[in-house]
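*Asks:* See final-v8.cif below, with mmCIF, C-alpha atoms.
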```cif
data_structure
#
loop_
_atom_site.label_atom_id
_atom_site.label_comp_id
_atom_site.auth_asym_id
_atom_site.auth_seq_id
_atom_site.Cartn_x
_atom_site.Cartn_y
_atom_site.Cartn_z
CA MET A 1 340.16 52.60 -13.39
CA ILE A 2 339.49 48.88 -13.81
CA ALA A 3 338.98 48.56 -10.06
CA ASN A 4 336.50 51.46 -10.06
CA THR A 5 334.51 49.98 -12.95
CA LEU A 6 334.44 46.57 -11.28
CA THR A 7 333.29 48.19 -8.02
CA VAL A 8 330.41 49.95 -9.75
CA ILE A 9 329.37 46.75 -11.54
CA LEU A 10 329.56 44.61 -8.40
CA ILE A 11 327.65 47.08 -6.20
CA LEU A 12 324.97 47.58 -8.84
CA ALA A 13 324.60 43.80 -9.12
CA GLY A 14 324.31 43.65 -5.32
CA LEU A 15 321.63 46.34 -5.35
CA VAL A 16 319.65 44.29 -7.90
CA PHE A 17 319.59 41.42 -5.39
CA PHE A 18 318.50 43.80 -2.60
CA ALA A 19 315.70 45.17 -4.78
CA ALA A 20 314.60 41.64 -5.72
CA GLY A 21 314.69 40.57 -2.07
CA THR A 22 312.63 43.60 -1.02
CA ALA A 23 310.09 42.98 -3.78
CA GLY A 24 309.87 39.36 -2.66
CA LEU A 25 309.39 40.39 0.98
CA LEU A 26 306.52 42.66 0.00
CA ARG A 27 304.83 40.48 -2.62
CA PHE A 28 305.36 36.81 -1.71
CA PRO A 29 302.35 35.08 -0.15
CA ASP A 30 303.65 33.32 2.99
CA VAL A 31 306.36 33.59 5.62
CA TYR A 32 308.65 30.89 4.22
CA SER A 33 308.86 32.25 0.69
CA ARG A 34 309.33 35.79 2.06
CA LEU A 35 312.24 34.56 4.16
CA HIS A 36 313.62 32.83 1.10
CA ALA A 37 313.59 36.11 -0.83
CA LEU A 38 315.04 38.05 2.10
CA THR A 39 318.01 35.76 2.70
CA LYS A 40 319.00 36.04 -0.97
CA ALA A 41 319.25 39.82 -0.51
CA ASP A 42 321.28 39.47 2.69
CA ASN A 43 323.69 36.82 1.47
CA VAL A 44 324.33 37.47 -2.21
CA GLY A 45 323.42 41.16 -2.34
CA LEU A 46 325.57 42.13 0.64
CA GLY A 47 328.30 39.76 -0.58
CA LEU A 48 328.48 41.55 -3.93
CA VAL A 49 328.45 45.01 -2.28
CA ILE A 50 331.24 43.93 0.09
CA LEU A 51 333.24 42.47 -2.80
CA GLY A 52 332.89 45.79 -4.62
CA LEU A 53 333.99 47.73 -1.52
CA MET A 54 336.98 45.42 -1.00
CA LEU A 55 338.42 46.70 -4.31
CA GLN A 56 338.41 50.20 -2.77
CA ALA A 57 339.84 49.18 0.62
CA GLY A 58 342.99 50.79 1.96
CA GLY A 59 344.82 47.60 2.92
CA PRO A 60 344.57 43.98 4.05
CA ALA A 61 343.17 45.02 7.44
CA ASP A 62 340.23 46.80 5.81
CA ILE A 63 339.60 43.87 3.46
CA LEU A 64 339.56 41.51 6.43
CA LYS A 65 337.13 43.74 8.34
CA LEU A 66 334.77 43.89 5.34
CA PHE A 67 334.91 40.12 5.01
CA LEU A 68 334.19 39.77 8.73
CA ILE A 69 331.13 42.02 8.38
CA TRP A 70 329.78 39.76 5.63
CA VAL A 71 330.39 36.56 7.65
CA LEU A 72 328.71 38.06 10.74
CA VAL A 73 325.67 39.23 8.77
CA LEU A 74 325.46 35.75 7.21
CA ALA A 75 325.47 34.11 10.64
CA ALA A 76 323.00 36.56 12.19
CA GLY A 77 320.69 36.55 9.16
CA THR A 78 320.64 32.76 8.97
CA THR A 79 319.80 32.47 12.66
CA ALA A 80 317.06 35.10 12.48
CA ALA A 81 315.52 33.46 9.42
CA HIS A 82 315.67 30.06 11.11
CA MET A 83 313.95 31.38 14.23
CA VAL A 84 311.19 33.15 12.32
CA ALA A 85 310.61 30.00 10.26
CA GLN A 86 310.59 27.82 13.37
CA ARG A 87 308.09 30.04 15.16
CA THR A 88 305.86 29.97 12.10
CA TRP A 89 306.16 26.16 11.97
CA THR A 90 305.12 25.70 15.60
CA HIS A 91 302.69 28.61 16.06
CA GLY A 92 301.30 29.17 12.57
CA GLU A 93 301.44 32.30 10.48
CA PHE A 94 301.68 35.72 12.12
CA GLU A 95 298.50 37.74 12.31
CA SER A 96 297.84 39.44 9.03
CA ASP A 97 297.62 43.22 8.99
CA ARG A 98 295.00 43.24 6.28
CA MET B 1 328.78 65.20 -9.50
CA SER B 2 329.39 63.36 -6.23
CA GLY B 3 328.54 66.58 -4.36
CA LEU B 4 325.14 66.69 -6.03
CA LEU B 5 324.57 62.99 -5.30
CA LEU B 6 325.35 63.60 -1.62
CA VAL B 7 322.89 66.48 -1.48
CA VAL B 8 320.22 64.22 -3.00
CA PHE B 9 321.11 61.49 -0.51
CA ASP B 10 320.90 63.94 2.40
CA LEU B 11 317.52 65.21 1.25
CA VAL B 12 316.15 61.67 0.88
CA LEU B 13 317.52 60.82 4.34
CA LEU B 14 315.94 63.94 5.83
CA VAL B 15 312.55 63.26 4.26
CA GLY B 16 312.80 59.62 5.35
CA LEU B 17 313.63 60.62 8.93
CA LEU B 18 310.71 63.04 9.16
CA GLY B 19 308.34 60.57 7.49
CA VAL B 20 309.30 57.66 9.75
CA ALA B 21 309.12 59.89 12.85
CA TRP B 22 305.64 61.03 11.85
CA ARG B 23 304.43 57.49 11.12
CA CYS B 24 305.88 56.34 14.46
CA LEU B 25 304.11 59.05 16.45
CA ALA B 26 300.85 58.74 14.51
CA SER B 27 300.66 54.95 14.74
CA THR B 28 298.01 53.63 17.10
CA ASP B 29 299.38 50.07 16.83
CA LEU B 30 302.09 49.82 19.49
CA PHE B 31 304.02 47.04 17.73
CA ARG B 32 304.14 49.02 14.51
CA ALA B 33 305.27 52.10 16.46
CA VAL B 34 308.16 50.17 18.04
CA VAL B 35 309.33 48.80 14.68
CA LEU B 36 309.16 52.31 13.22
CA PHE B 37 311.12 53.62 16.22
CA ILE B 38 313.91 51.13 15.50
CA THR B 39 313.88 52.14 11.83
CA PHE B 40 314.08 55.78 12.91
CA GLY B 41 317.12 55.01 15.09
CA LEU B 42 318.95 53.36 12.18
CA LEU B 43 318.19 56.28 9.85
CA LEU B 44 319.33 58.69 12.56
CA ALA B 45 322.61 56.77 12.87
CA LEU B 46 323.07 57.29 9.10
CA ALA B 47 322.43 61.01 9.60
CA TRP B 48 325.16 61.13 12.27
CA VAL B 49 327.54 59.42 9.85
CA ARG B 50 326.74 62.13 7.28
CA LEU B 51 327.48 64.77 9.96
CA GLU B 52 330.90 63.08 10.37
CA ALA B 53 330.20 62.01 13.94
CA PRO B 54 330.78 58.23 13.78
CA ASP B 55 331.01 58.07 17.59
CA ILE B 56 327.44 59.22 17.99
CA ALA B 57 326.33 57.08 15.04
CA LEU B 58 327.73 53.99 16.78
CA ALA B 59 326.04 54.86 20.06
CA GLU B 60 322.75 55.71 18.34
CA ALA B 61 322.67 52.45 16.36
CA ALA B 62 323.63 50.31 19.37
CA ILE B 63 321.71 52.02 22.18
CA GLY B 64 319.01 54.06 20.43
CA ALA B 65 317.93 51.52 17.85
CA GLY B 66 319.21 48.17 19.11
CA ILE B 67 318.97 48.01 22.87
CA THR B 68 316.08 50.46 23.32
CA GLY B 69 314.22 48.64 20.55
CA ALA B 70 314.75 45.29 22.26
CA LEU B 71 313.61 46.83 25.58
CA LEU B 72 310.45 48.18 23.98
CA LEU B 73 309.67 44.84 22.30
CA VAL B 74 310.07 42.97 25.59
CA THR B 75 307.85 45.56 27.27
CA LEU B 76 305.15 44.92 24.65
CA GLU B 77 305.40 41.17 25.26
CA ARG B 78 305.10 41.71 29.02
CA LEU B 79 302.14 44.06 28.59
CA ARG B 80 300.40 41.51 26.43
CA SER B 81 300.89 38.66 28.89
CA ILE B 82 299.68 40.91 31.75
CA ALA B 83 296.57 41.87 29.78
CA VAL B 84 295.79 38.29 28.77
CA GLU B 85 296.17 37.15 32.38
CA ARG B 86 293.88 39.87 33.73
CA ARG B 87 291.16 39.06 31.27
CA ARG B 88 291.43 35.35 31.98
CA GLY B 89 290.94 36.10 35.69
CA ARG B 90 287.47 37.56 35.09
CA PRO B 91 285.89 35.94 32.05
CA ASP B 92 282.29 36.76 33.04
CA GLU B 93 282.67 40.50 33.38
CA PRO B 94 281.69 42.71 30.45
CA PRO B 95 284.59 44.15 28.46
CA ASP B 96 286.10 47.12 30.28
CA PRO B 97 286.88 49.98 27.90
CA ALA B 98 289.68 51.31 30.13
CA GLY B 99 291.15 48.01 31.29
CA ALA B 100 292.84 44.95 29.90
CA ASP B 101 290.76 44.89 26.72
CA ALA B 102 291.79 48.40 25.81
CA LEU B 103 295.41 47.43 26.37
CA LEU B 104 295.12 44.35 24.17
CA HIS B 105 293.41 46.43 21.54
CA ALA B 106 296.19 49.04 21.60
CA LEU B 107 298.83 46.32 21.29
CA HIS B 108 297.50 45.42 17.90
CA ASP B 109 295.31 48.14 16.53
CA PRO B 110 294.32 48.67 12.91
CA PRO B 111 295.15 52.15 11.61
CA PRO B 112 292.34 54.67 12.18
CA PRO B 113 290.39 56.21 9.31
CA ARG B 114 292.21 59.06 7.61
CA ARG B 115 291.52 62.45 9.17
CA THR B 116 292.04 65.94 7.86
CA PHE B 117 295.63 67.12 7.71
CA VAL B 118 294.92 70.86 7.98
CA PRO B 119 295.76 71.36 11.70
CA ALA B 120 298.94 69.26 11.49
CA LEU B 121 300.03 71.01 8.30
CA THR B 122 299.43 74.48 9.78
CA PHE B 123 301.36 73.52 12.91
CA ALA B 124 304.26 72.10 10.87
CA LEU B 125 304.40 75.23 8.70
CA VAL B 126 304.41 77.59 11.70
CA VAL B 127 307.05 75.64 13.64
CA GLY B 128 309.13 75.09 10.49
CA GLY B 129 308.95 78.81 9.68
CA LEU B 130 310.04 79.73 13.21
CA MET B 131 312.98 77.31 13.03
CA VAL B 132 314.10 78.65 9.66
CA THR B 133 313.93 82.25 10.94
CA ALA B 134 315.88 81.29 14.04
CA LEU B 135 318.58 79.54 12.01
CA TRP B 136 318.76 82.37 9.47
CA HIS B 137 320.21 84.88 11.93
CA GLN B 138 322.99 82.75 13.36
CA PRO B 139 326.23 84.59 14.00
CA ASP B 140 329.23 83.19 12.13
CA ALA B 141 330.67 81.33 15.09
CA VAL B 142 333.71 79.15 14.45
CA GLY B 143 332.76 76.75 17.21
CA LEU B 144 335.06 75.23 19.79
CA GLU B 145 337.26 73.33 17.35
CA PRO B 146 340.30 75.70 17.50
CA VAL B 147 340.15 75.81 21.31
CA VAL B 148 340.09 72.01 21.52
CA ASP B 149 342.91 71.66 18.96
CA GLU B 150 345.03 74.11 20.93
CA HIS B 151 344.74 72.12 24.15
CA MET B 152 345.05 68.60 22.75
CA GLY B 153 348.62 68.45 24.09
CA VAL B 154 347.49 68.48 27.73
CA SER B 155 344.44 66.22 27.27
CA GLY B 156 346.40 62.96 27.49
CA VAL B 157 344.64 61.38 24.47
CA ASP B 158 344.90 61.76 20.69
CA HIS B 159 341.24 61.87 19.71
CA PRO B 160 339.47 65.24 20.12
CA ILE B 161 336.06 63.72 21.00
CA THR B 162 337.55 61.58 23.77
CA ALA B 163 339.54 64.59 24.98
CA VAL B 164 336.35 66.66 25.25
CA LEU B 165 334.29 63.88 26.82
CA LEU B 166 336.75 62.70 29.45
CA ASN B 167 338.91 65.72 30.11
CA PHE B 168 337.63 69.14 29.05
CA ARG B 169 333.98 68.34 29.75
CA ALA B 170 334.41 65.41 32.14
CA TYR B 171 331.59 66.86 34.23
CA ASP B 172 329.01 66.09 31.52
CA THR B 173 330.20 62.53 31.06
CA PHE B 174 330.25 61.95 34.81
CA LEU B 175 326.64 63.12 35.10
CA GLU B 176 325.64 60.89 32.16
CA LEU B 177 327.10 57.86 33.92
CA ALA B 178 325.32 58.86 37.12
CA ILE B 179 321.99 59.16 35.27
CA VAL B 180 322.40 55.66 33.81
CA LEU B 181 323.04 54.31 37.31
CA ILE B 182 320.06 56.20 38.77
CA ALA B 183 317.83 54.82 36.00
CA LEU B 184 318.81 51.32 37.03
CA LEU B 185 318.19 52.08 40.73
CA GLY B 186 314.76 53.36 39.71
CA ALA B 187 314.01 50.13 37.83
CA TRP B 188 315.24 48.04 40.76
CA SER B 189 313.11 49.95 43.24
CA LEU B 190 310.00 48.94 41.26
CA GLY B 191 310.31 45.25 41.89
CA ARG B 192 312.13 41.97 41.76
CA TYR B 193 313.42 40.11 38.73
CA ASP B 194 310.72 38.13 37.05
CA ARG B 195 311.22 35.82 34.14
CA LEU B 196 311.03 37.06 30.61
CA PRO B 197 307.96 35.71 28.82
CA ALA B 198 310.18 34.49 25.97
CA ARG B 199 310.69 30.76 25.48
CA PRO B 200 314.10 29.37 24.58
CA ALA B 201 314.10 28.28 20.95
CA PRO B 202 314.66 24.54 20.51
CA GLY B 203 317.43 23.28 18.26
CA PRO B 204 321.17 23.84 17.97
CA ILE B 205 321.17 26.88 15.66
CA LEU B 206 320.70 29.66 18.24
CA PRO B 207 323.25 28.34 20.79
CA GLY B 208 325.70 27.77 17.93
CA THR B 209 325.33 31.33 16.69
CA LEU B 210 325.73 32.64 20.24
CA ARG B 211 328.95 30.69 20.61
CA LEU B 212 330.15 32.48 17.50
CA LEU B 213 328.76 35.98 18.15
CA VAL B 214 329.40 36.56 21.85
CA PRO B 215 333.21 36.16 21.71
CA VAL B 216 333.29 38.38 18.60
CA ALA B 217 331.20 40.98 20.46
CA ILE B 218 333.58 40.90 23.43
CA VAL B 219 336.64 41.35 21.20
CA THR B 220 334.89 44.16 19.30
CA GLY B 221 333.86 45.87 22.54
CA VAL B 222 337.39 45.81 23.96
CA TYR B 223 338.79 46.99 20.61
CA ILE B 224 336.34 49.92 20.46
CA LEU B 225 337.20 50.87 24.04
CA TRP B 226 340.92 50.81 23.26
CA ALA B 227 340.42 52.64 19.95
CA GLY B 228 338.69 55.49 21.81
CA SER B 229 341.99 57.15 22.72
CA HIS B 230 342.98 57.80 19.08
CA ALA B 231 339.94 57.11 16.85
CA PRO B 232 336.12 57.10 17.07
CA GLY B 233 335.07 54.81 19.92
CA GLY B 234 335.10 54.85 23.68
CA ALA B 235 333.30 53.70 26.79
CA PHE B 236 329.67 54.25 25.76
CA GLN B 237 330.03 52.48 22.41
CA ALA B 238 332.07 49.61 23.88
CA GLY B 239 329.63 49.29 26.77
CA ALA B 240 326.71 49.17 24.35
CA ILE B 241 328.30 46.35 22.34
CA LEU B 242 329.15 44.32 25.45
CA GLY B 243 325.67 45.01 26.83
CA ALA B 244 324.12 43.80 23.57
CA ALA B 245 326.09 40.55 23.89
CA GLY B 246 324.70 40.15 27.41
CA ILE B 247 321.15 40.84 26.24
CA LEU B 248 321.57 38.23 23.48
CA LEU B 249 322.54 35.70 26.13
CA VAL B 250 319.59 36.63 28.33
CA LEU B 251 317.16 36.45 25.42
CA ALA B 252 318.45 33.14 24.09
CA ARG B 253 318.60 31.24 27.37
CA PRO B 254 316.17 32.80 29.83
CA ARG B 255 315.84 29.58 31.86
CA ASP B 256 319.27 28.26 32.77
CA LEU B 257 321.28 31.48 32.92
CA PRO B 258 322.76 31.73 36.42
CA MET B 259 322.14 35.02 38.21
CA ALA B 260 325.18 37.14 38.90
CA PRO B 261 326.35 37.16 42.54
CA SER B 262 324.96 40.23 44.25
CA THR B 263 328.03 42.02 45.66
CA PRO B 264 330.29 41.85 42.58
CA LEU B 265 327.32 42.86 40.44
CA ARG B 266 326.68 45.96 42.55
CA LEU B 267 330.38 46.83 42.60
CA GLY B 268 330.53 46.49 38.81
CA LEU B 269 327.42 48.61 38.30
CA ALA B 270 328.79 51.41 40.48
CA ALA B 271 332.43 51.14 39.32
CA GLY B 272 332.15 53.75 36.56
CA VAL B 273 330.58 56.49 38.68
CA GLY B 274 332.59 55.55 41.77
CA LEU B 275 336.04 55.60 40.15
CA PHE B 276 335.22 58.72 38.15
CA LEU B 277 334.13 60.53 41.30
CA ALA B 278 337.10 59.27 43.34
CA ILE B 279 339.62 60.41 40.73
CA GLY B 280 337.74 63.69 40.34
CA VAL B 281 337.83 64.39 44.08
CA ILE B 282 341.55 63.55 44.26
CA GLY B 283 342.04 66.14 41.50
CA LEU B 284 340.33 68.66 43.77
CA PHE B 285 342.92 68.14 46.50
CA ILE B 286 346.14 67.86 44.50
CA GLY B 287 345.67 70.86 42.24
CA PRO B 288 343.85 70.68 38.89
CA GLY B 289 340.39 71.02 40.44
CA LEU B 290 337.28 68.82 40.64
CA LEU B 291 337.24 66.23 37.81
CA GLY B 292 340.57 67.51 36.46
CA TYR B 293 343.75 65.50 36.04
CA PRO B 294 347.42 66.43 36.23
CA PRO B 295 348.51 66.44 32.54
CA GLU B 296 351.22 63.81 32.97
CA TRP B 297 348.68 61.43 34.58
CA ALA B 298 345.81 62.20 32.23
CA TYR B 299 346.25 59.21 29.87
CA PRO B 300 346.36 56.40 32.49
CA LEU B 301 343.58 58.01 34.52
CA ILE B 302 341.35 58.38 31.46
CA ILE B 303 341.98 54.73 30.53
CA VAL B 304 341.08 53.58 34.07
CA ILE B 305 337.87 55.61 34.02
CA GLU B 306 336.97 54.38 30.52
CA VAL B 307 337.47 50.72 31.47
CA ALA B 308 335.35 51.08 34.62
CA ALA B 309 332.69 53.05 32.73
CA THR B 310 332.52 50.39 29.99
CA LEU B 311 332.00 47.65 32.56
CA SER B 312 329.31 49.65 34.36
CA ILE B 313 327.47 50.64 31.19
CA ALA B 314 327.44 47.07 29.86
CA LEU B 315 326.20 45.65 33.19
CA THR B 316 323.61 48.41 33.59
CA LEU B 317 322.17 47.85 30.10
CA VAL B 318 321.77 44.12 30.73
CA ALA B 319 320.32 44.75 34.21
CA LEU B 320 317.87 47.30 32.78
CA PHE B 321 316.85 44.73 30.17
CA ILE B 322 316.19 42.08 32.81
CA ALA B 323 314.44 44.81 34.85
CA GLY B 324 314.12 44.28 38.56
CA ARG B 325 316.48 43.27 41.33
CA PRO B 326 318.29 39.94 41.04
CA ALA B 327 316.28 36.97 42.27
CA GLY B 328 316.85 35.96 45.89
CA ASP B 329 317.98 39.50 46.74
CA ASP B 330 315.24 40.62 49.09
CA HIS B 331 317.00 42.82 51.59
#
```
The structure given in the file should be rewritten as structure tokens.
*Replies:*
Amino acid sequence: MIANTLTVILILAGLVFFAAGTAGLLRFPDVYSRLHALTKADNVGLGLVILGLMLQAGGPADILKLFLIWVLVLAAGTTAAHMVAQRTWTHGEFESDR
Amino acid sequence: MSGLLLVVFDLVLLVGLLGVAWRCLASTDLFRAVVLFITFGLLLALAWVRLEAPDIALAEAAIGAGITGALLLVTLERLRSIAVERRRGRPDEPPDPAGADALLHALHDPPPPRRTFVPALTFALVVGGLMVTALWHQPDAVGLEPVVDEHMGVSGVDHPITAVLLNFRAYDTFLELAIVLIALLGAWSLGRYDRLPARPAPGPILPGTLRLLVPVAIVTGVYILWAGSHAPGGAFQAGAILGAAGILLVLARPRDLPMAPSTPLRLGLAAGVGLFLAIGVIGLFIGPGLLGYPPEWAYPLIIVIEVAATLSIALTLVALFIAGRPAGDDH
């Protein structure tokens, strides 16, 4: 019961970060601040969702796998954000669609 | 309560799939279409998860969305560099509506003005109506599940999907492997390897991440291959993960990556089809028929075929991504 309540609270909190990150991606003016918003969603939002799911996991192996997923997304997300930022730094902003 | 939520989720997923598919097909901007195609692949993987087919979801996410998406993006980049080069060659000529300028325009095209939806809507209604009528009169078939369950004992493996793919319907899987190989031969017949237009990113971050991700991908690939005998997984999924690791390497270091030696590469590419066919033909002579196995040998034979198929699929995906025969291989 307590675990279920905690799971719901943690995942909802994670979803708030995802929503904020998405809003930031859509509304922020330039590439750097968009990336800033996006990485918050990836890191904290996914972290909270994973933490919530860990409370429902079947055993230590599942908990470890969930943790591994979070670490891998952190590494991949950081690298992708770095590369987008670096390309913007050297080549300027991407062409605007509007 | 949770049943209702799942129905709502399924409906949202369905509408999302149809919407993204429509936007992808209707887009005149090629880059936007590719991004929408990748999104479509990820949503489709979710749909497979909801249909309780995690095997296909894995393959769809890795091959359909990931590797095909990367292939399409590289193709766009190549098309753009070809178009820019052609136009630079003849700066004085007037713009050619069917040539390089049209290509450049299509690569980044603003959406066209909104047109009437009446023909599309009529078409969708007619086709949708036909599909609903066709589905309405389905006989109450139980499917092949009982038959497969009954014969699991002789399949040599514990997972029904692997049993179907590599034993009961080995013919299908063999032909799939052959098609993948023929696709690569087709790509190789078109020309030699030429360098990707991508530049290696400066700085230590990308090589550092690769050092972390590639070993993890190899372990995951081998685990998924091994898991295939008793849980969702198998050669195609494992091959896709290993192939993705290879593509990451190619993308990150296009300059100093040594080319694979020609003979081992060819042997590896053909190993899946070759071993599968060899074992299948032996089955023809010793009793169980073409592509059949004696039950007591089924498990080791399936493992051998799966390992060879994984290697071939991974190599083929990377080779297709590089596109073209290895450099220095002119004969």
*Asks:* Restrict the distance test to all atoms listed in the file, flag each residue of chain B within 7 Å of chain A, and return the flagged residues as a CSV table (one decimal) with C-alpha atoms, keeping the file's coordinate frame.
*Replies:*
```csv
chain,number,residue,atom,x,y,z
B,205,ILE,CA,321.2,26.9,15.7
B,206,LEU,CA,320.7,29.7,18.2
B,209,THR,CA,325.3,31.3,16.7
```
*Asks:* Selection in question (the file shown): the PyMOL selection byres ((chain A and resi 4-10) around 12). Which residues does it include, as a PyMOL selection string?
*Replies:* chain A and resi 1-3+11-17+44-57
*Asks:* Which residue gives the smallest distance to Val84 of chain B among B:Val49, B:Ala227, B:Leu104, B:Ile67, with all atoms listed in the file counted?
*Replies:* B:Leu104
*Asks:* Find the residues near Gly274 of chain B: any atom within 12 Å, counting all atoms listed in the file, skip ones fewer than 5 places away on the same chain, and give them as a PyMOL selection string.
*Replies:* chain B and resi 174-175+177-178+181+266-269+279-281+304-305+308-309+312
*Asks:* Find the residues around Leu184 of chain B up to 9 Å (all atoms listed in the file counted), leave out those fewer than 2 positions away in its own chain, and share them as a ChimeraX atom specification.
*Replies:* /B:179-182,186-189,316-317,319-320,323-324
*Asks:* For those residues, write C-alpha atoms to a file as an mmCIF file, keeping the file's coordinate frame.
*Replies:*
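Listed below is the output, selection.cif:
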```cif
data_model
loop_
_atom_site.group_PDB
_atom_site.id
_atom_site.type_symbol
_atom_site.label_atom_id
_atom_site.label_comp_id
_atom_site.auth_asym_id
_atom_site.auth_seq_id
_atom_site.Cartn_x
_atom_site.Cartn_y
_atom_site.Cartn_z
ATOM 1 C CA ILE B 179 321.990 59.160 35.270
ATOM 2 C CA VAL B 180 322.400 55.660 33.810
ATOM 3 C CA LEU B 181 323.040 54.310 37.310
ATOM 4 C CA ILE B 182 320.060 56.200 38.770
ATOM 5 C CA GLY B 186 314.760 53.360 39.710
ATOM 6 C CA ALA B 187 314.010 50.130 37.830
ATOM 7 C CA TRP B 188 315.240 48.040 40.760
ATOM 8 C CA SER B 189 313.110 49.950 43.240
ATOM 9 C CA THR B 316 323.610 48.410 33.590
ATOM 10 C CA LEU B 317 322.170 47.850 30.100
ATOM 11 C CA ALA B 319 320.320 44.750 34.210
ATOM 12 C CA LEU B 320 317.870 47.300 32.780
ATOM 13 C CA ALA B 323 314.440 44.810 34.850
ATOM 14 C CA GLY B 324 314.120 44.280 38.560
#
```
*Asks:* Separation of atom CA of Ala81 of chain A and atom CA of Ala41 of chain A, in Å?
*Replies:*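 Separating atom CA of Ala81 of chain A from atom CA of Ala41 of chain A is a distance of 12.4 Å.
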*Asks:* Set the distance at 9 Å and use all atoms listed in the file: which residues neighbour segment 23-36 of chain A once local chain neighbours fewer than 5 positions away are removed? I'd like the list as JSON, numbers by chain.
*Replies:* {"A": [18, 81, 82, 84, 85, 88, 93, 94]}
*Asks:* Give me, please, the distance in Å between atom CA of Ala314 of chain B and atom CA of Ala245 of chain B, quoted to one decimal.
*Replies:*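 So the two atoms, atom CA of Ala314 of chain B and atom CA of Ala245 of chain B, lie 8.9 Å apart.
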*Asks:* Residues near Glu60 of chain B, anyone? I mean within 8 Å using only C-alpha atoms, not counting same-chain ones fewer than 5 positions away, as a PyMOL selection string.
*Replies:* chain B and resi 41-42+44-45+65
